[in-house]
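Text of start_28.txt, listed as compact mmCIF, C-alpha atoms:
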```txt
# COMPACT_ATOMS: atom_id res chain seq x y z
CA MET R 1 38.80 -106.34 28.08
CA ILE R 2 39.62 -106.55 31.78
CA ARG R 3 43.19 -106.85 33.01
CA LEU R 4 43.45 -109.38 35.85
CA LEU R 5 46.33 -109.37 38.33
CA PHE R 6 47.27 -112.18 40.70
CA PHE R 7 49.60 -111.93 43.68
CA ALA R 8 51.52 -114.21 46.03
CA GLN R 9 50.04 -117.72 46.32
CA LEU R 10 47.19 -116.74 43.99
CA ALA R 11 49.70 -116.07 41.21
CA GLU R 12 51.13 -119.53 41.76
CA ARG R 13 47.65 -121.05 41.59
CA ALA R 14 46.83 -119.08 38.42
CA GLY R 15 50.18 -119.93 36.84
CA ALA R 16 50.52 -116.29 35.82
CA ASP R 17 50.84 -112.81 37.30
CA GLU R 18 48.28 -111.34 34.94
CA MET R 19 45.89 -112.09 32.09
CA SER R 20 43.36 -110.23 29.96
CA VAL R 21 39.79 -111.51 29.82
CA PRO R 22 36.54 -110.31 28.20
CA HIS R 23 34.53 -107.74 30.11
CA ARG R 24 31.99 -108.95 32.66
CA PRO R 25 29.72 -106.68 34.76
CA THR R 26 31.34 -107.42 38.16
CA PRO R 27 34.38 -109.22 39.61
CA GLY R 28 32.03 -111.86 40.98
CA ALA R 29 30.50 -112.47 37.56
CA LEU R 30 33.96 -112.59 36.08
CA VAL R 31 35.27 -115.37 38.32
CA ALA R 32 31.96 -117.25 38.03
CA SER R 33 32.28 -117.23 34.25
CA ARG R 34 35.64 -119.01 34.10
CA VAL R 35 36.60 -122.46 35.35
CA ASP R 36 40.25 -121.40 35.50
CA LEU R 37 39.34 -118.78 38.13
CA SER R 38 37.30 -121.11 40.34
CA PHE R 39 40.09 -121.19 42.94
CA VAL R 40 39.97 -117.45 43.62
CA LYS R 41 37.09 -117.16 46.09
CA PRO R 42 37.76 -120.42 47.99
CA ALA R 43 41.33 -119.19 48.51
CA GLY R 44 39.96 -116.28 50.53
CA ALA R 45 40.93 -113.65 48.00
CA ARG R 46 39.89 -110.03 48.33
CA VAL R 47 39.39 -107.92 45.25
CA ALA R 48 40.75 -104.52 44.22
CA VAL R 49 39.69 -102.51 41.19
CA ASN R 50 42.07 -99.94 39.75
CA ARG R 51 44.34 -100.13 42.81
CA ALA R 52 41.62 -99.56 45.43
CA TRP R 53 39.79 -102.05 47.61
CA SER R 54 36.49 -103.06 46.07
CA HIS R 55 33.92 -105.84 46.33
CA TRP R 56 32.65 -108.73 44.26
CA ASP R 57 29.51 -106.89 43.15
CA ALA R 58 31.22 -103.66 42.07
CA PRO R 59 30.47 -102.56 38.50
CA LEU R 60 33.34 -103.01 36.05
CA ALA R 61 34.11 -100.91 32.99
CA ASP R 62 36.02 -102.04 29.96
CA GLY R 63 39.73 -101.48 30.59
CA ASP R 64 39.54 -101.83 34.36
CA GLU R 65 42.34 -103.50 36.29
CA VAL R 66 41.07 -106.16 38.70
CA ALA R 67 43.45 -107.63 41.27
CA PHE R 68 42.88 -110.75 43.36
CA LEU R 69 44.73 -110.44 46.65
CA PRO R 70 45.33 -113.03 49.37
CA PRO R 71 45.17 -111.83 52.99
CA ASN R 72 47.99 -109.49 53.95
CA THR R 73 50.70 -111.17 55.97
CA ALA R 74 53.54 -108.70 56.11
CA LEU R 75 52.76 -107.07 59.46
CA MET J 76 61.64 -92.15 48.22
CA GLY J 77 58.43 -94.18 48.22
CA PHE J 78 56.98 -96.31 50.96
CA LEU J 79 58.44 -99.51 49.48
CA VAL J 80 62.22 -99.83 49.35
CA ALA J 81 64.51 -102.49 47.94
CA GLY J 82 67.45 -102.22 50.32
CA PRO J 83 68.17 -101.61 54.00
CA ILE J 84 66.19 -98.84 55.70
CA ASP J 85 68.18 -95.87 57.00
CA VAL J 86 66.53 -95.77 60.42
CA GLU J 87 68.76 -93.02 61.82
CA ALA J 88 68.06 -90.69 58.90
CA LEU J 89 64.31 -91.15 59.23
CA GLU J 90 64.38 -90.53 62.98
CA GLU J 91 66.45 -87.42 62.42
CA SER J 92 63.93 -86.24 59.84
CA ALA J 93 61.09 -86.81 62.31
CA ARG J 94 62.88 -84.68 64.91
CA ARG J 95 63.06 -81.70 62.55
CA THR J 96 59.39 -81.01 63.31
CA GLU J 97 60.45 -80.16 66.90
CA PRO J 98 58.03 -82.65 68.46
CA GLY J 99 57.42 -83.36 72.10
CA ALA J 100 57.18 -87.10 71.42
CA VAL J 101 58.77 -89.42 68.87
CA ILE J 102 57.73 -93.08 68.63
CA SER J 103 59.56 -95.42 66.34
CA PHE J 104 58.52 -98.94 65.41
CA GLN J 105 60.62 -101.61 63.74
CA GLY J 106 59.46 -104.92 62.37
CA VAL J 107 62.48 -107.21 62.55
CA VAL J 108 62.83 -110.64 60.94
CA ARG J 109 62.85 -113.21 63.71
CA PRO J 110 64.86 -116.50 63.63
CA ASP J 111 61.84 -118.75 64.08
CA ARG J 112 62.24 -122.50 64.36
CA THR J 113 59.32 -124.27 62.68
CA PRO J 114 58.47 -127.90 61.87
CA ARG J 115 59.43 -127.06 58.30
CA GLY J 116 62.84 -125.72 59.30
CA ASP J 117 64.70 -122.74 60.71
CA VAL J 118 63.80 -119.40 59.18
CA ALA J 119 66.79 -117.67 57.59
CA ALA J 120 64.96 -114.77 55.95
CA LEU J 121 61.61 -113.43 54.89
CA GLU J 122 60.89 -112.55 51.30
CA PHE J 123 58.41 -109.71 50.85
CA SER J 124 56.33 -109.00 47.76
CA ALA J 125 53.58 -106.48 47.15
CA TYR J 126 51.04 -105.12 44.74
CA ALA J 127 53.42 -102.21 44.62
CA ALA J 128 51.31 -99.61 42.84
CA MET J 129 48.35 -100.19 45.13
CA ALA J 130 50.51 -100.48 48.26
CA GLU J 131 52.02 -97.06 47.60
CA GLU J 132 48.60 -95.49 46.97
CA GLU J 133 46.92 -97.22 49.91
CA MET J 134 49.73 -96.22 52.27
CA GLU J 135 49.38 -92.64 51.12
CA ARG J 136 45.65 -92.86 51.87
CA VAL J 137 46.45 -94.19 55.37
CA LEU J 138 48.91 -91.34 55.99
CA ALA J 139 46.35 -88.83 54.73
CA GLU J 140 43.89 -90.17 57.28
CA VAL J 141 46.57 -89.82 59.97
CA ARG J 142 47.06 -86.18 58.97
CA THR J 143 43.29 -85.59 59.13
CA ARG J 144 42.87 -87.23 62.54
CA TRP J 145 46.06 -85.83 64.10
CA PRO J 146 46.95 -82.68 62.14
CA GLU J 147 50.02 -81.98 64.27
CA ALA J 148 51.44 -85.50 63.94
CA HIS J 149 54.10 -86.37 61.37
CA ALA J 150 54.55 -89.93 60.10
CA LEU J 151 57.30 -91.55 58.03
CA CYS J 152 57.15 -95.18 57.01
CA HIS J 153 59.15 -97.57 54.84
CA HIS J 154 58.74 -101.26 54.11
CA ARG J 155 61.34 -103.42 52.40
CA LEU J 156 60.63 -105.69 49.47
CA GLY J 157 62.61 -108.76 48.48
CA ARG J 158 64.65 -110.97 50.78
CA VAL J 159 65.33 -109.65 54.28
CA PRO J 160 67.66 -111.78 56.43
CA VAL J 161 67.01 -112.64 60.07
CA GLY J 162 67.86 -109.73 62.35
CA GLU J 163 67.28 -107.01 59.78
CA THR J 164 64.50 -104.42 59.82
CA SER J 165 61.73 -104.98 57.30
CA LEU J 166 59.40 -102.19 58.42
CA PHE J 167 60.15 -98.86 60.02
CA LEU J 168 57.56 -96.35 61.18
CA VAL J 169 58.32 -93.16 63.05
CA LEU J 170 55.60 -90.92 64.46
CA SER J 171 56.26 -87.50 65.91
CA ALA J 172 53.74 -85.21 67.55
CA PRO J 173 53.61 -82.37 70.05
CA GLU J 174 52.13 -84.56 72.78
CA THR J 175 52.62 -88.20 73.78
CA PRO J 176 48.99 -89.38 73.44
CA GLN J 177 48.79 -88.10 69.86
CA ALA J 178 51.97 -89.94 68.91
CA PHE J 179 50.84 -93.24 70.48
CA GLN J 180 47.36 -93.05 68.99
CA ALA J 181 48.65 -92.15 65.52
CA CYS J 182 51.24 -94.95 65.66
CA HIS J 183 48.64 -97.53 66.68
CA PHE J 184 46.21 -96.33 64.01
CA THR J 185 48.86 -96.42 61.28
CA LEU J 186 49.98 -99.95 62.12
CA GLU J 187 46.45 -101.31 62.30
CA GLN J 188 45.44 -99.69 59.02
CA MET J 189 48.60 -100.95 57.32
CA ARG J 190 47.95 -104.46 58.55
CA ALA J 191 44.42 -104.43 57.16
CA ARG J 192 44.80 -102.44 53.96
CA VAL J 193 48.28 -102.36 52.46
CA PRO J 194 48.80 -105.39 50.18
CA ILE J 195 52.12 -106.93 51.15
CA TRP J 196 52.92 -110.62 51.59
CA LYS J 197 55.86 -112.61 52.84
CA LYS J 198 57.44 -115.98 52.37
CA ASP J 199 59.41 -117.84 55.00
CA VAL J 200 62.81 -118.73 53.56
CA PHE J 201 64.46 -121.59 55.41
CA THR J 202 68.12 -122.36 55.98
CA ASP J 203 67.96 -125.20 53.42
CA GLY J 204 66.84 -122.73 50.75
CA SER J 205 63.21 -123.87 50.56
CA ALA J 206 60.39 -121.39 51.09
CA CYS J 207 56.68 -121.23 51.75
CA TRP J 208 54.08 -118.49 52.02
CA SER J 209 53.73 -117.26 55.56
CA ALA J 210 50.36 -116.97 57.23
CA SER J 211 51.55 -115.77 60.60
CA HIS J 212 53.34 -112.80 62.04
CA ARG J 213 57.07 -113.41 62.33
CA GLU J 214 58.27 -109.96 63.18
CA THR J 215 59.40 -108.79 66.56
CA LEU J 216 58.16 -105.50 67.91
CA LEU J 217 61.10 -103.44 69.13
CA ILE J 218 58.87 -101.03 70.98
CA SER J 219 57.15 -100.94 74.28
CA ASP J 220 54.27 -103.38 74.50
CA SER J 221 52.15 -100.45 75.63
CA VAL J 222 51.96 -99.17 72.05
CA LEU J 223 49.79 -102.06 70.93
CA SER J 224 47.39 -101.60 73.83
CA TYR J 225 47.23 -97.84 73.62
CA PRO J 226 44.77 -96.25 74.05
CA PRO J 227 43.32 -98.67 76.61
CA SER J 228 40.23 -100.37 75.24
```
Kindly transcribe the structure held in the file into structure tokens.
Amino acid sequence: MIRLLFFAQLAERAGADEMSVPHRPTPGALVASRVDLSFVKPAGARVAVNRAWSHWDAPLADGDEVAFLPPNTAL
Amino acid sequence: MGFLVAGPIDVEALEESARRTEPGAVISFQGVVRPDRTPRGDVAALEFSAYAAMAEEEMERVLAEVRTRWPEAHALCHHRLGRVPVGETSLFLVLSAPETPQAFQACHFTLEQMRARVPIWKKDVFTDGSACWSASHRETLLISDSVLSYPPS
């Protein structure tokens, strides 16, 4: 399984802060496989894997933590 | 204490800590919540949230890069989470170094890297209690404008 995390407006769109989903080979494949994640890329999200910036084609291992992050706005 | 803090930032204590390195230059930066007036309403506060575990790790990576680039510089930085009322400091960064150019360059580098890499978001909270996610920068820089243009491009 992959643990998904959503933050800020993406959490509101997802209706949850986190969810667990079956393993897929990359974050891009993961969002492409689920209708309920179709908002992620159009919202301009960036992706982090295991608390480090990553990319949509990065390989995923079972148990990874994938976070979808809207653009930073704090500074 | 970590990078992210829940309550007010003790600016004086951090500046005093920076001075213990006996620097020739100390630059401090504060992001302060500004009382913006918007079509939606008057801003009363900003509410900050973060991917806290990653923000702490990413900020440590930024500070490690600062130490590699400017080995004699010393940086301390805190960012508040939760609701921060207008007029209060949400971000404090203090850079100390033996020489002025090092301190300015390290300060500029740290702020730019934070802006790009550390996952923190804010909501505008209006005087009527409503709120919306902010897409713009609503903090005032309480430092010389020269910091953001230093070194000259």
Near-Glu147 of chain J list (10 Å; only C-alpha atoms; drop same-chain fewer than 6 positions) as a tab-separated table (two decimals) with C-alpha atoms, in the frame of the given file:
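Contents of the output file selection-v6.tsv:
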```tsv
chain	number	residue	atom	x	y	z
J	96	THR	CA	59.39	-81.01	63.31
J	98	PRO	CA	58.03	-82.65	68.46
J	141	VAL	CA	46.57	-89.82	59.97
J	171	SER	CA	56.26	-87.50	65.91
J	172	ALA	CA	53.74	-85.21	67.55
J	173	PRO	CA	53.61	-82.37	70.05
J	174	GLU	CA	52.13	-84.56	72.78
J	177	GLN	CA	48.79	-88.10	69.86
J	178	ALA	CA	51.97	-89.94	68.91
```
Residues of chain R near chain J: apply a cut-off of 6 Å, count all atoms listed in the file, and supply the list as JSON, numbers by chain.
-> {"R": [51, 72, 73, 74, 75]}
Distance query Thr175 of chain J at most 8 Å, only C-alpha atoms, self and fewer than 6 positions along chain excluded, as a ChimeraX atom specification | /J:99-101
Can those selected residues be exported to a file as a PDB file, in the coordinates of the input so that it contains C-alpha atoms?
```pdb
ATOM      1  CA  GLY J  99      57.420 -83.360  72.100  1.00  0.00           C
ATOM      2  CA  ALA J 100      57.180 -87.100  71.420  1.00  0.00           C
ATOM      3  CA  VAL J 101      58.770 -89.420  68.870  1.00  0.00           C
TER       4      VAL J 101
END
```
At what distance in Å, to one decimal, does atom CA of Gly28 of chain R lie from atom CA of Ala58 of chain R?
-> 8.3 Å
Restricting to all atoms listed in the file, whichever of J:Ser103, J:Pro110, J:Ala206, J:Glu90 is closest to Glu163 of chain J is J:Pro110
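Of the listed residues (J:Asp203, J:Ala148, J:Arg95, J:Arg112), J:Ala148 comes nearest to Phe179 of chain J; the distances count only C-alpha atoms.
The residue that comes closest to Ser205 of chain J, out of J:Val86, J:Val108, J:Leu79, J:Ala119 and on the basis of all atoms listed in the file, is J:Ala119.
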Would you mind telling me which residue in R:Val40, R:Ala67, R:Ala61, R:Val49 lies nearest to Ala14 of chain R when using only C-alpha atoms?
-> R:Val40
List as a PyMOL selection string: which residues have an atom within 6 Å of (66.3, -111.8, 56.0), counting all atoms listed in the file?
-> chain J and resi 120-121+158-161
If we count all atoms listed in the file, what is near His55 of chain R at a cut-off of 9 Å, once residues fewer than 4 positions away on the same chain are taken out, given as a list of chain:residue names?
->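 Skipping anything fewer than 4 positions along the chain leaves R:Thr26, R:Pro27, R:Gly28, R:Arg46, R:Val47, R:Ala48, R:Val49.
Within the 8 Å cut-off around Pro25 of chain R, using all atoms listed in the file and omitting residues fewer than 2 positions from it on the same chain, the listed residues are His23, Pro27, Ala29, Leu30, Pro59, Leu60 and Ala61 of chain R.
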Where atoms are absent from segment 76-90 of chain J, fill them in so it carries N, CA and C atoms, then output it as a PDB file, in the frame of the given file.
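Output below, filename out23.pdb:
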```
ATOM      1  N   MET J  76      61.682 -90.689  48.030  1.00  0.00           N
ATOM      2  CA  MET J  76      61.640 -92.150  48.220  1.00  0.00           C
ATOM      3  C   MET J  76      60.221 -92.570  48.544  1.00  0.00           C
ATOM      4  N   GLY J  77      59.759 -93.682  47.948  1.00  0.00           N
ATOM      5  CA  GLY J  77      58.430 -94.180  48.220  1.00  0.00           C
ATOM      6  C   GLY J  77      58.361 -94.972  49.506  1.00  0.00           C
ATOM      7  N   PHE J  78      57.211 -95.486  49.768  1.00  0.00           N
ATOM      8  CA  PHE J  78      56.980 -96.310  50.960  1.00  0.00           C
ATOM      9  C   PHE J  78      57.753 -97.624  50.865  1.00  0.00           C
ATOM     10  N   LEU J  79      57.759 -98.232  49.683  1.00  0.00           N
ATOM     11  CA  LEU J  79      58.440 -99.510  49.480  1.00  0.00           C
ATOM     12  C   LEU J  79      59.877 -99.275  49.050  1.00  0.00           C
ATOM     13  N   VAL J  80      60.801-100.008  49.676  1.00  0.00           N
ATOM     14  CA  VAL J  80      62.220 -99.830  49.350  1.00  0.00           C
ATOM     15  C   VAL J  80      62.849-101.200  49.122  1.00  0.00           C
ATOM     16  N   ALA J  81      63.885-101.216  48.302  1.00  0.00           N
ATOM     17  CA  ALA J  81      64.510-102.490  47.940  1.00  0.00           C
ATOM     18  C   ALA J  81      65.637-102.883  48.878  1.00  0.00           C
ATOM     19  N   GLY J  82      66.284-101.921  49.495  1.00  0.00           N
ATOM     20  CA  GLY J  82      67.450-102.220  50.320  1.00  0.00           C
ATOM     21  C   GLY J  82      67.222-101.865  51.776  1.00  0.00           C
ATOM     22  N   PRO J  83      68.285-101.919  52.579  1.00  0.00           N
ATOM     23  CA  PRO J  83      68.170-101.610  54.000  1.00  0.00           C
ATOM     24  C   PRO J  83      67.579-100.222  54.245  1.00  0.00           C
ATOM     25  N   ILE J  84      66.833-100.095  55.331  1.00  0.00           N
ATOM     26  CA  ILE J  84      66.190 -98.840  55.700  1.00  0.00           C
ATOM     27  C   ILE J  84      67.135 -98.028  56.570  1.00  0.00           C
ATOM     28  N   ASP J  85      67.303 -96.758  56.223  1.00  0.00           N
ATOM     29  CA  ASP J  85      68.180 -95.870  57.000  1.00  0.00           C
ATOM     30  C   ASP J  85      67.384 -95.315  58.181  1.00  0.00           C
ATOM     31  N   VAL J  86      67.347 -96.101  59.249  1.00  0.00           N
ATOM     32  CA  VAL J  86      66.530 -95.770  60.420  1.00  0.00           C
ATOM     33  C   VAL J  86      66.955 -94.433  61.034  1.00  0.00           C
ATOM     34  N   GLU J  87      68.268 -94.235  61.163  1.00  0.00           N
ATOM     35  CA  GLU J  87      68.760 -93.020  61.820  1.00  0.00           C
ATOM     36  C   GLU J  87      68.338 -91.771  61.034  1.00  0.00           C
ATOM     37  N   ALA J  88      68.415 -91.855  59.717  1.00  0.00           N
ATOM     38  CA  ALA J  88      68.060 -90.690  58.900  1.00  0.00           C
ATOM     39  C   ALA J  88      66.581 -90.359  59.030  1.00  0.00           C
ATOM     40  N   LEU J  89      65.745 -91.390  59.100  1.00  0.00           N
ATOM     41  CA  LEU J  89      64.310 -91.150  59.230  1.00  0.00           C
ATOM     42  C   LEU J  89      63.966 -90.573  60.600  1.00  0.00           C
ATOM     43  N   GLU J  90      64.630 -91.084  61.638  1.00  0.00           N
ATOM     44  CA  GLU J  90      64.380 -90.530  62.980  1.00  0.00           C
ATOM     45  C   GLU J  90      64.841 -89.077  63.044  1.00  0.00           C
TER      46      GLU J  90
END
```
